[in-house]
>>> print(open('start_38.cif').read())   # mmCIF, N, CA and C atoms
data_target
#
loop_
_atom_site.group_PDB
_atom_site.id
_atom_site.type_symbol
_atom_site.label_atom_id
_atom_site.label_comp_id
_atom_site.auth_asym_id
_atom_site.auth_seq_id
_atom_site.Cartn_x
_atom_site.Cartn_y
_atom_site.Cartn_z
ATOM 1 N N MET N 1 0.844 -1.176 0.000
ATOM 2 C CA MET N 1 0.000 0.000 0.000
ATOM 3 C C MET N 1 0.888 1.239 0.000
ATOM 4 N N ALA N 2 0.590 2.168 -0.871
ATOM 5 C CA ALA N 2 1.356 3.405 -0.973
ATOM 6 C C ALA N 2 0.950 4.359 0.149
ATOM 7 N N SER N 3 1.874 5.229 0.546
ATOM 8 C CA SER N 3 1.494 6.259 1.503
ATOM 9 C C SER N 3 0.541 7.214 0.799
ATOM 10 N N LYS N 4 -0.167 7.984 1.550
ATOM 11 C CA LYS N 4 -1.171 8.876 0.975
ATOM 12 C C LYS N 4 -0.510 10.089 0.333
ATOM 13 N N ASP N 5 -0.005 9.886 -0.849
ATOM 14 C CA ASP N 5 0.611 10.945 -1.627
ATOM 15 C C ASP N 5 -0.467 11.964 -1.993
ATOM 16 N N PRO N 6 -0.167 13.256 -1.964
ATOM 17 C CA PRO N 6 -1.181 14.260 -2.301
ATOM 18 C C PRO N 6 -1.802 14.053 -3.681
ATOM 19 N N MET N 7 -1.015 13.620 -4.638
ATOM 20 C CA MET N 7 -1.549 13.391 -5.976
ATOM 21 C C MET N 7 -2.596 12.274 -5.958
ATOM 22 N N LEU N 8 -2.325 11.199 -5.227
ATOM 23 C CA LEU N 8 -3.272 10.094 -5.135
ATOM 24 C C LEU N 8 -4.521 10.495 -4.368
ATOM 25 N N ARG N 9 -4.357 11.334 -3.352
ATOM 26 C CA ARG N 9 -5.525 11.820 -2.603
ATOM 27 C C ARG N 9 -6.417 12.684 -3.487
ATOM 28 N N HIS N 10 -5.820 13.568 -4.284
ATOM 29 C CA HIS N 10 -6.614 14.416 -5.184
ATOM 30 C C HIS N 10 -7.374 13.566 -6.191
ATOM 31 N N LEU N 11 -6.695 12.581 -6.767
ATOM 32 C CA LEU N 11 -7.342 11.704 -7.728
ATOM 33 C C LEU N 11 -8.471 10.928 -7.063
ATOM 34 N N GLY N 12 -8.219 10.388 -5.902
ATOM 35 C CA GLY N 12 -9.252 9.651 -5.164
ATOM 36 C C GLY N 12 -10.444 10.517 -4.827
ATOM 37 N N ASP N 13 -10.196 11.748 -4.410
ATOM 38 C CA ASP N 13 -11.296 12.677 -4.103
ATOM 39 C C ASP N 13 -12.134 12.956 -5.341
ATOM 40 N N PHE N 14 -11.470 13.134 -6.487
ATOM 41 C CA PHE N 14 -12.187 13.389 -7.736
ATOM 42 C C PHE N 14 -13.051 12.186 -8.118
ATOM 43 N N LEU N 15 -12.480 11.002 -8.005
ATOM 44 C CA LEU N 15 -13.240 9.800 -8.350
ATOM 45 C C LEU N 15 -14.421 9.601 -7.407
ATOM 46 N N ARG N 16 -14.218 9.858 -6.116
ATOM 47 C CA ARG N 16 -15.309 9.736 -5.153
ATOM 48 C C ARG N 16 -16.430 10.732 -5.471
ATOM 49 N N LYS N 17 -16.057 11.967 -5.733
ATOM 50 C CA LYS N 17 -17.055 13.000 -6.046
ATOM 51 C C LYS N 17 -17.847 12.614 -7.291
ATOM 52 N N THR N 18 -17.160 12.131 -8.301
ATOM 53 C CA THR N 18 -17.826 11.722 -9.536
ATOM 54 C C THR N 18 -18.777 10.559 -9.269
ATOM 55 N N ARG N 19 -18.326 9.585 -8.484
ATOM 56 C CA ARG N 19 -19.168 8.441 -8.133
ATOM 57 C C ARG N 19 -20.413 8.895 -7.377
ATOM 58 N N GLU N 20 -20.221 9.783 -6.428
ATOM 59 C CA GLU N 20 -21.348 10.264 -5.623
ATOM 60 C C GLU N 20 -22.331 11.070 -6.464
ATOM 61 N N GLU N 21 -21.826 11.821 -7.449
ATOM 62 C CA GLU N 21 -22.718 12.570 -8.338
ATOM 63 C C GLU N 21 -23.625 11.641 -9.139
ATOM 64 N N LEU N 22 -23.150 10.427 -9.398
ATOM 65 C CA LEU N 22 -23.967 9.431 -10.092
ATOM 66 C C LEU N 22 -24.944 8.733 -9.144
ATOM 67 N N GLY N 23 -24.775 8.978 -7.850
ATOM 68 C CA GLY N 23 -25.623 8.328 -6.858
ATOM 69 C C GLY N 23 -25.234 6.877 -6.616
ATOM 70 N N TRP N 24 -23.986 6.541 -6.947
ATOM 71 C CA TRP N 24 -23.503 5.173 -6.807
ATOM 72 C C TRP N 24 -22.801 4.975 -5.472
ATOM 73 N N SER N 25 -22.898 3.756 -4.965
ATOM 74 C CA SER N 25 -22.110 3.352 -3.809
ATOM 75 C C SER N 25 -20.759 2.842 -4.313
ATOM 76 N N GLN N 26 -19.834 2.622 -3.397
ATOM 77 C CA GLN N 26 -18.565 2.021 -3.791
ATOM 78 C C GLN N 26 -18.807 0.629 -4.368
ATOM 79 N N GLU N 27 -19.779 -0.058 -3.837
ATOM 80 C CA GLU N 27 -20.113 -1.390 -4.346
ATOM 81 C C GLU N 27 -20.606 -1.315 -5.787
ATOM 82 N N ASP N 28 -21.420 -0.298 -6.096
ATOM 83 C CA ASP N 28 -21.891 -0.114 -7.475
ATOM 84 C C ASP N 28 -20.712 0.104 -8.424
ATOM 85 N N LEU N 29 -19.801 0.991 -8.032
ATOM 86 C CA LEU N 29 -18.641 1.266 -8.876
ATOM 87 C C LEU N 29 -17.765 0.025 -9.016
ATOM 88 N N ALA N 30 -17.582 -0.704 -7.946
ATOM 89 C CA ALA N 30 -16.785 -1.926 -8.001
ATOM 90 C C ALA N 30 -17.393 -2.912 -8.988
ATOM 91 N N TYR N 31 -18.694 -3.086 -8.931
ATOM 92 C CA TYR N 31 -19.366 -4.012 -9.844
ATOM 93 C C TYR N 31 -19.202 -3.557 -11.295
ATOM 94 N N GLU N 32 -19.449 -2.285 -11.545
ATOM 95 C CA GLU N 32 -19.394 -1.762 -12.915
ATOM 96 C C GLU N 32 -17.977 -1.779 -13.495
ATOM 97 N N SER N 33 -16.967 -1.669 -12.633
ATOM 98 C CA SER N 33 -15.586 -1.634 -13.108
ATOM 99 C C SER N 33 -14.891 -2.991 -13.024
ATOM 100 N N GLY N 34 -15.529 -3.964 -12.392
ATOM 101 C CA GLY N 34 -14.916 -5.284 -12.253
ATOM 102 C C GLY N 34 -13.841 -5.344 -11.187
ATOM 103 N N LEU N 35 -13.906 -4.424 -10.238
ATOM 104 C CA LEU N 35 -12.921 -4.378 -9.156
ATOM 105 C C LEU N 35 -13.600 -4.733 -7.838
ATOM 106 N N HIS N 36 -12.814 -4.964 -6.809
ATOM 107 C CA HIS N 36 -13.363 -5.266 -5.489
ATOM 108 C C HIS N 36 -13.726 -3.969 -4.766
ATOM 109 N N ARG N 37 -14.779 -4.008 -3.979
ATOM 110 C CA ARG N 37 -15.245 -2.812 -3.277
ATOM 111 C C ARG N 37 -14.184 -2.236 -2.348
ATOM 112 N N THR N 38 -13.452 -3.087 -1.656
ATOM 113 C CA THR N 38 -12.436 -2.561 -0.741
ATOM 114 C C THR N 38 -11.305 -1.882 -1.512
ATOM 115 N N TYR N 39 -11.022 -2.359 -2.718
ATOM 116 C CA TYR N 39 -10.003 -1.727 -3.558
ATOM 117 C C TYR N 39 -10.474 -0.337 -3.984
ATOM 118 N N VAL N 40 -11.741 -0.234 -4.396
ATOM 119 C CA VAL N 40 -12.303 1.064 -4.792
ATOM 120 C C VAL N 40 -12.199 2.047 -3.629
ATOM 121 N N GLY N 41 -12.533 1.602 -2.423
ATOM 122 C CA GLY N 41 -12.441 2.461 -1.250
ATOM 123 C C GLY N 41 -11.017 2.931 -0.996
ATOM 124 N N ALA N 42 -10.063 2.015 -1.146
ATOM 125 C CA ALA N 42 -8.660 2.381 -0.919
ATOM 126 C C ALA N 42 -8.178 3.369 -1.979
ATOM 127 N N VAL N 43 -8.616 3.205 -3.215
ATOM 128 C CA VAL N 43 -8.253 4.162 -4.269
ATOM 129 C C VAL N 43 -8.815 5.535 -3.924
ATOM 130 N N GLU N 44 -10.063 5.587 -3.491
ATOM 131 C CA GLU N 44 -10.685 6.868 -3.145
ATOM 132 C C GLU N 44 -10.002 7.536 -1.958
ATOM 133 N N ARG N 45 -9.408 6.757 -1.094
ATOM 134 C CA ARG N 45 -8.679 7.324 0.053
ATOM 135 C C ARG N 45 -7.233 7.660 -0.293
ATOM 136 N N GLY N 46 -6.805 7.365 -1.522
ATOM 137 C CA GLY N 46 -5.441 7.657 -1.944
ATOM 138 C C GLY N 46 -4.418 6.688 -1.402
ATOM 139 N N GLU N 47 -4.851 5.474 -1.095
ATOM 140 C CA GLU N 47 -3.957 4.489 -0.493
ATOM 141 C C GLU N 47 -3.237 3.613 -1.516
ATOM 142 N N TYR N 48 -3.713 3.590 -2.753
ATOM 143 C CA TYR N 48 -3.085 2.757 -3.779
ATOM 144 C C TYR N 48 -2.606 3.592 -4.942
ATOM 145 N N ASN N 49 -1.430 3.252 -5.421
ATOM 146 C CA ASN N 49 -0.886 3.866 -6.622
ATOM 147 C C ASN N 49 -1.363 2.990 -7.781
ATOM 148 N N LEU N 50 -2.581 3.246 -8.234
ATOM 149 C CA LEU N 50 -3.197 2.368 -9.212
ATOM 150 C C LEU N 50 -2.550 2.478 -10.576
ATOM 151 N N THR N 51 -2.685 1.411 -11.362
ATOM 152 C CA THR N 51 -2.119 1.400 -12.704
ATOM 153 C C THR N 51 -3.036 2.171 -13.648
ATOM 154 N N LEU N 52 -2.501 2.515 -14.782
ATOM 155 C CA LEU N 52 -3.272 3.200 -15.810
ATOM 156 C C LEU N 52 -4.436 2.329 -16.277
ATOM 157 N N LEU N 53 -4.212 1.036 -16.388
ATOM 158 C CA LEU N 53 -5.275 0.121 -16.818
ATOM 159 C C LEU N 53 -6.414 0.064 -15.801
ATOM 160 N N THR N 54 -6.069 0.084 -14.520
ATOM 161 C CA THR N 54 -7.100 0.081 -13.481
ATOM 162 C C THR N 54 -7.847 1.408 -13.473
ATOM 163 N N LEU N 55 -7.123 2.501 -13.637
ATOM 164 C CA LEU N 55 -7.782 3.802 -13.712
ATOM 165 C C LEU N 55 -8.744 3.825 -14.896
ATOM 166 N N ARG N 56 -8.349 3.210 -15.995
ATOM 167 C CA ARG N 56 -9.215 3.159 -17.181
ATOM 168 C C ARG N 56 -10.508 2.398 -16.889
ATOM 169 N N LYS N 57 -10.425 1.307 -16.126
ATOM 170 C CA LYS N 57 -11.623 0.559 -15.741
ATOM 171 C C LYS N 57 -12.575 1.450 -14.943
ATOM 172 N N ILE N 58 -12.005 2.221 -14.031
ATOM 173 C CA ILE N 58 -12.824 3.082 -13.174
ATOM 174 C C ILE N 58 -13.437 4.224 -13.982
ATOM 175 N N THR N 59 -12.623 4.883 -14.810
ATOM 176 C CA THR N 59 -13.151 6.016 -15.582
ATOM 177 C C THR N 59 -14.182 5.550 -16.606
ATOM 178 N N ASP N 60 -13.966 4.398 -17.223
ATOM 179 C CA ASP N 60 -14.968 3.859 -18.146
ATOM 180 C C ASP N 60 -16.292 3.610 -17.425
ATOM 181 N N ALA N 61 -16.214 3.027 -16.244
ATOM 182 C CA ALA N 61 -17.426 2.750 -15.472
ATOM 183 C C ALA N 61 -18.145 4.047 -15.085
ATOM 184 N N LEU N 62 -17.369 5.084 -14.768
ATOM 185 C CA LEU N 62 -17.958 6.364 -14.359
ATOM 186 C C LEU N 62 -18.413 7.210 -15.552
ATOM 187 N N GLY N 63 -18.010 6.807 -16.750
ATOM 188 C CA GLY N 63 -18.392 7.562 -17.942
ATOM 189 C C GLY N 63 -17.607 8.842 -18.131
ATOM 190 N N ILE N 64 -16.363 8.841 -17.658
ATOM 191 C CA ILE N 64 -15.487 10.000 -17.822
ATOM 192 C C ILE N 64 -14.224 9.547 -18.549
ATOM 193 N N SER N 65 -13.456 10.497 -19.030
ATOM 194 C CA SER N 65 -12.225 10.151 -19.738
ATOM 195 C C SER N 65 -11.051 10.067 -18.761
ATOM 196 N N LEU N 66 -10.021 9.373 -19.211
ATOM 197 C CA LEU N 66 -8.777 9.346 -18.435
ATOM 198 C C LEU N 66 -8.236 10.757 -18.240
ATOM 199 N N SER N 67 -8.348 11.579 -19.286
ATOM 200 C CA SER N 67 -7.819 12.944 -19.177
ATOM 201 C C SER N 67 -8.595 13.762 -18.149
ATOM 202 N N ASP N 68 -9.894 13.497 -17.990
ATOM 203 C CA ASP N 68 -10.657 14.174 -16.929
ATOM 204 C C ASP N 68 -10.083 13.817 -15.559
ATOM 205 N N ALA N 69 -9.833 12.545 -15.351
ATOM 206 C CA ALA N 69 -9.323 12.093 -14.061
ATOM 207 C C ALA N 69 -7.924 12.641 -13.802
ATOM 208 N N ILE N 70 -7.060 12.515 -14.784
ATOM 209 C CA ILE N 70 -5.682 12.993 -14.604
ATOM 210 C C ILE N 70 -5.651 14.515 -14.498
ATOM 211 N N GLY N 71 -6.517 15.175 -15.255
ATOM 212 C CA GLY N 71 -6.578 16.632 -15.217
ATOM 213 C C GLY N 71 -7.080 17.182 -13.894
ATOM 214 N N SER N 72 -7.703 16.330 -13.080
ATOM 215 C CA SER N 72 -8.196 16.785 -11.773
ATOM 216 C C SER N 72 -7.069 16.956 -10.757
ATOM 217 N N ILE N 73 -5.898 16.449 -11.088
ATOM 218 C CA ILE N 73 -4.762 16.520 -10.172
ATOM 219 C C ILE N 73 -4.059 17.868 -10.365
ATOM 220 N N PRO N 74 -3.909 18.654 -9.298
ATOM 221 C CA PRO N 74 -3.228 19.943 -9.440
ATOM 222 C C PRO N 74 -1.789 19.761 -9.899
ATOM 223 N N GLN N 75 -1.334 20.696 -10.711
ATOM 224 C CA GLN N 75 0.038 20.656 -11.204
ATOM 225 C C GLN N 75 1.002 20.942 -10.069
ATOM 226 N N ARG N 76 2.077 20.201 -10.057
ATOM 227 C CA ARG N 76 3.116 20.417 -9.052
ATOM 228 C C ARG N 76 3.994 21.558 -9.532
ATOM 229 N N LYS N 77 4.381 22.407 -8.623
ATOM 230 C CA LYS N 77 5.261 23.519 -8.970
ATOM 231 C C LYS N 77 6.646 22.972 -9.300
ATOM 232 N N PRO N 78 7.256 23.471 -10.367
ATOM 233 C CA PRO N 78 8.597 22.997 -10.704
ATOM 234 C C PRO N 78 9.609 23.363 -9.619
ATOM 235 N N ARG N 79 10.571 22.480 -9.441
ATOM 236 C CA ARG N 79 11.611 22.766 -8.451
ATOM 237 C C ARG N 79 12.579 23.786 -9.009
ATOM 238 N N ARG N 80 13.036 24.634 -8.152
ATOM 239 C CA ARG N 80 14.041 25.622 -8.536
ATOM 240 C C ARG N 80 15.412 24.977 -8.452
ATOM 241 N N ARG N 81 16.263 25.338 -9.374
ATOM 242 C CA ARG N 81 17.621 24.789 -9.360
ATOM 243 C C ARG N 81 18.591 25.774 -8.815
#
>>> encode(input="start_38.cif", output="structure tokens")
Amino acid sequence: MASKDPMLRHLGDFLRKTREELGWSQEDLAYESGLHRTYVGAVERGEYNLTLLTLRKITDALGISLSDAIGSIPQRKPRRR
């Protein structure tokens, strides 16, 4: 399990908000995406560094694009040299 990286938390929050807007439970999303409910919950909490393929399963089930999900993550400020 990955530590709760801010990027993963932002992505999880976006996915949770989108799921809730559809009126779906985590169980509904798990069924529609072919994933386990506890995995969906951990993704929403930012606990897993999910693969692109898994993210695609979730975004397809939610009816959103991968770019919508990735675009929800705030840009990191470049490091100064």
>>> residues_around(input="start_38.cif", residues="range 39-55 of chain N", least_positions_apart="3", cutoff="6.5 Å", atoms="only N, CA and C atoms", output="list of chain:residue names")
N:Met1, N:Ala2, N:Ser3, N:Lys4, N:Asp5, N:Leu8, N:Arg9, N:His10, N:Leu11, N:Gly12, N:Asp13, N:Leu15, N:Arg16, N:Gln26, N:Ala30, N:Leu35, N:His36, N:Ile58, N:Thr59, N:Asp60
>>> atom_distance(input="start_38.cif", atom1="CA of Tyr31 in chain N", atom2="atom N of Lys57 in chain N")
12.2 Å
>>> closest_residue(input="start_38.cif", among="N:Gly34, N:Arg19, N:Pro74, N:Arg79", to="Met7 in chain N", atoms="all atoms listed in the file")
N:Pro74
>>> atom_distance(input="start_38.cif", atom1="atom N of Pro78 in chain N", atom2="CA of Pro6 in chain N")
14.9 Å
>>> closest_residue(input="start_38.cif", among="N:Gly63, N:Ile70, N:Arg76, N:Arg81", to="Glu32 in chain N", atoms="only C-alpha atoms")
N:Gly63
>>> select_by_dssp(input="start_38.cif", residues="chain N", states="alpha helix (DSSP H)", output="VMD selection string")
chain N and resid 6 to 21 26 to 33 37 to 44 52 to 62 66 to 71
>>> atom_distance(input="start_38.cif", atom1="atom C of Glu21 in chain N", atom2="atom C of Gln75 in chain N")
26.3 Å
>>> decode(input="start_38.cif", residues="range 11-27 of chain N", atoms="N, CA and C atoms", output="tab-separated table (two decimals), in the first residue's frame")
chain	number	residue	atom	x	y	z
N	11	LEU	N	-6.69	12.58	-6.77
N	11	LEU	CA	-7.34	11.70	-7.73
N	11	LEU	C	-8.47	10.93	-7.06
N	12	GLY	N	-8.22	10.39	-5.90
N	12	GLY	CA	-9.25	9.65	-5.16
N	12	GLY	C	-10.44	10.52	-4.83
N	13	ASP	N	-10.20	11.75	-4.41
N	13	ASP	CA	-11.30	12.68	-4.10
N	13	ASP	C	-12.13	12.96	-5.34
N	14	PHE	N	-11.47	13.13	-6.49
N	14	PHE	CA	-12.19	13.39	-7.74
N	14	PHE	C	-13.05	12.19	-8.12
N	15	LEU	N	-12.48	11.00	-8.00
N	15	LEU	CA	-13.24	9.80	-8.35
N	15	LEU	C	-14.42	9.60	-7.41
N	16	ARG	N	-14.22	9.86	-6.12
N	16	ARG	CA	-15.31	9.74	-5.15
N	16	ARG	C	-16.43	10.73	-5.47
N	17	LYS	N	-16.06	11.97	-5.73
N	17	LYS	CA	-17.05	13.00	-6.05
N	17	LYS	C	-17.85	12.61	-7.29
N	18	THR	N	-17.16	12.13	-8.30
N	18	THR	CA	-17.83	11.72	-9.54
N	18	THR	C	-18.78	10.56	-9.27
N	19	ARG	N	-18.33	9.58	-8.48
N	19	ARG	CA	-19.17	8.44	-8.13
N	19	ARG	C	-20.41	8.90	-7.38
N	20	GLU	N	-20.22	9.78	-6.43
N	20	GLU	CA	-21.35	10.26	-5.62
N	20	GLU	C	-22.33	11.07	-6.46
N	21	GLU	N	-21.83	11.82	-7.45
N	21	GLU	CA	-22.72	12.57	-8.34
N	21	GLU	C	-23.63	11.64	-9.14
N	22	LEU	N	-23.15	10.43	-9.40
N	22	LEU	CA	-23.97	9.43	-10.09
N	22	LEU	C	-24.94	8.73	-9.14
N	23	GLY	N	-24.78	8.98	-7.85
N	23	GLY	CA	-25.62	8.33	-6.86
N	23	GLY	C	-25.23	6.88	-6.62
N	24	TRP	N	-23.99	6.54	-6.95
N	24	TRP	CA	-23.50	5.17	-6.81
N	24	TRP	C	-22.80	4.97	-5.47
N	25	SER	N	-22.90	3.76	-4.96
N	25	SER	CA	-22.11	3.35	-3.81
N	25	SER	C	-20.76	2.84	-4.31
N	26	GLN	N	-19.83	2.62	-3.40
N	26	GLN	CA	-18.56	2.02	-3.79
N	26	GLN	C	-18.81	0.63	-4.37
N	27	GLU	N	-19.78	-0.06	-3.84
N	27	GLU	CA	-20.11	-1.39	-4.35
N	27	GLU	C	-20.61	-1.32	-5.79
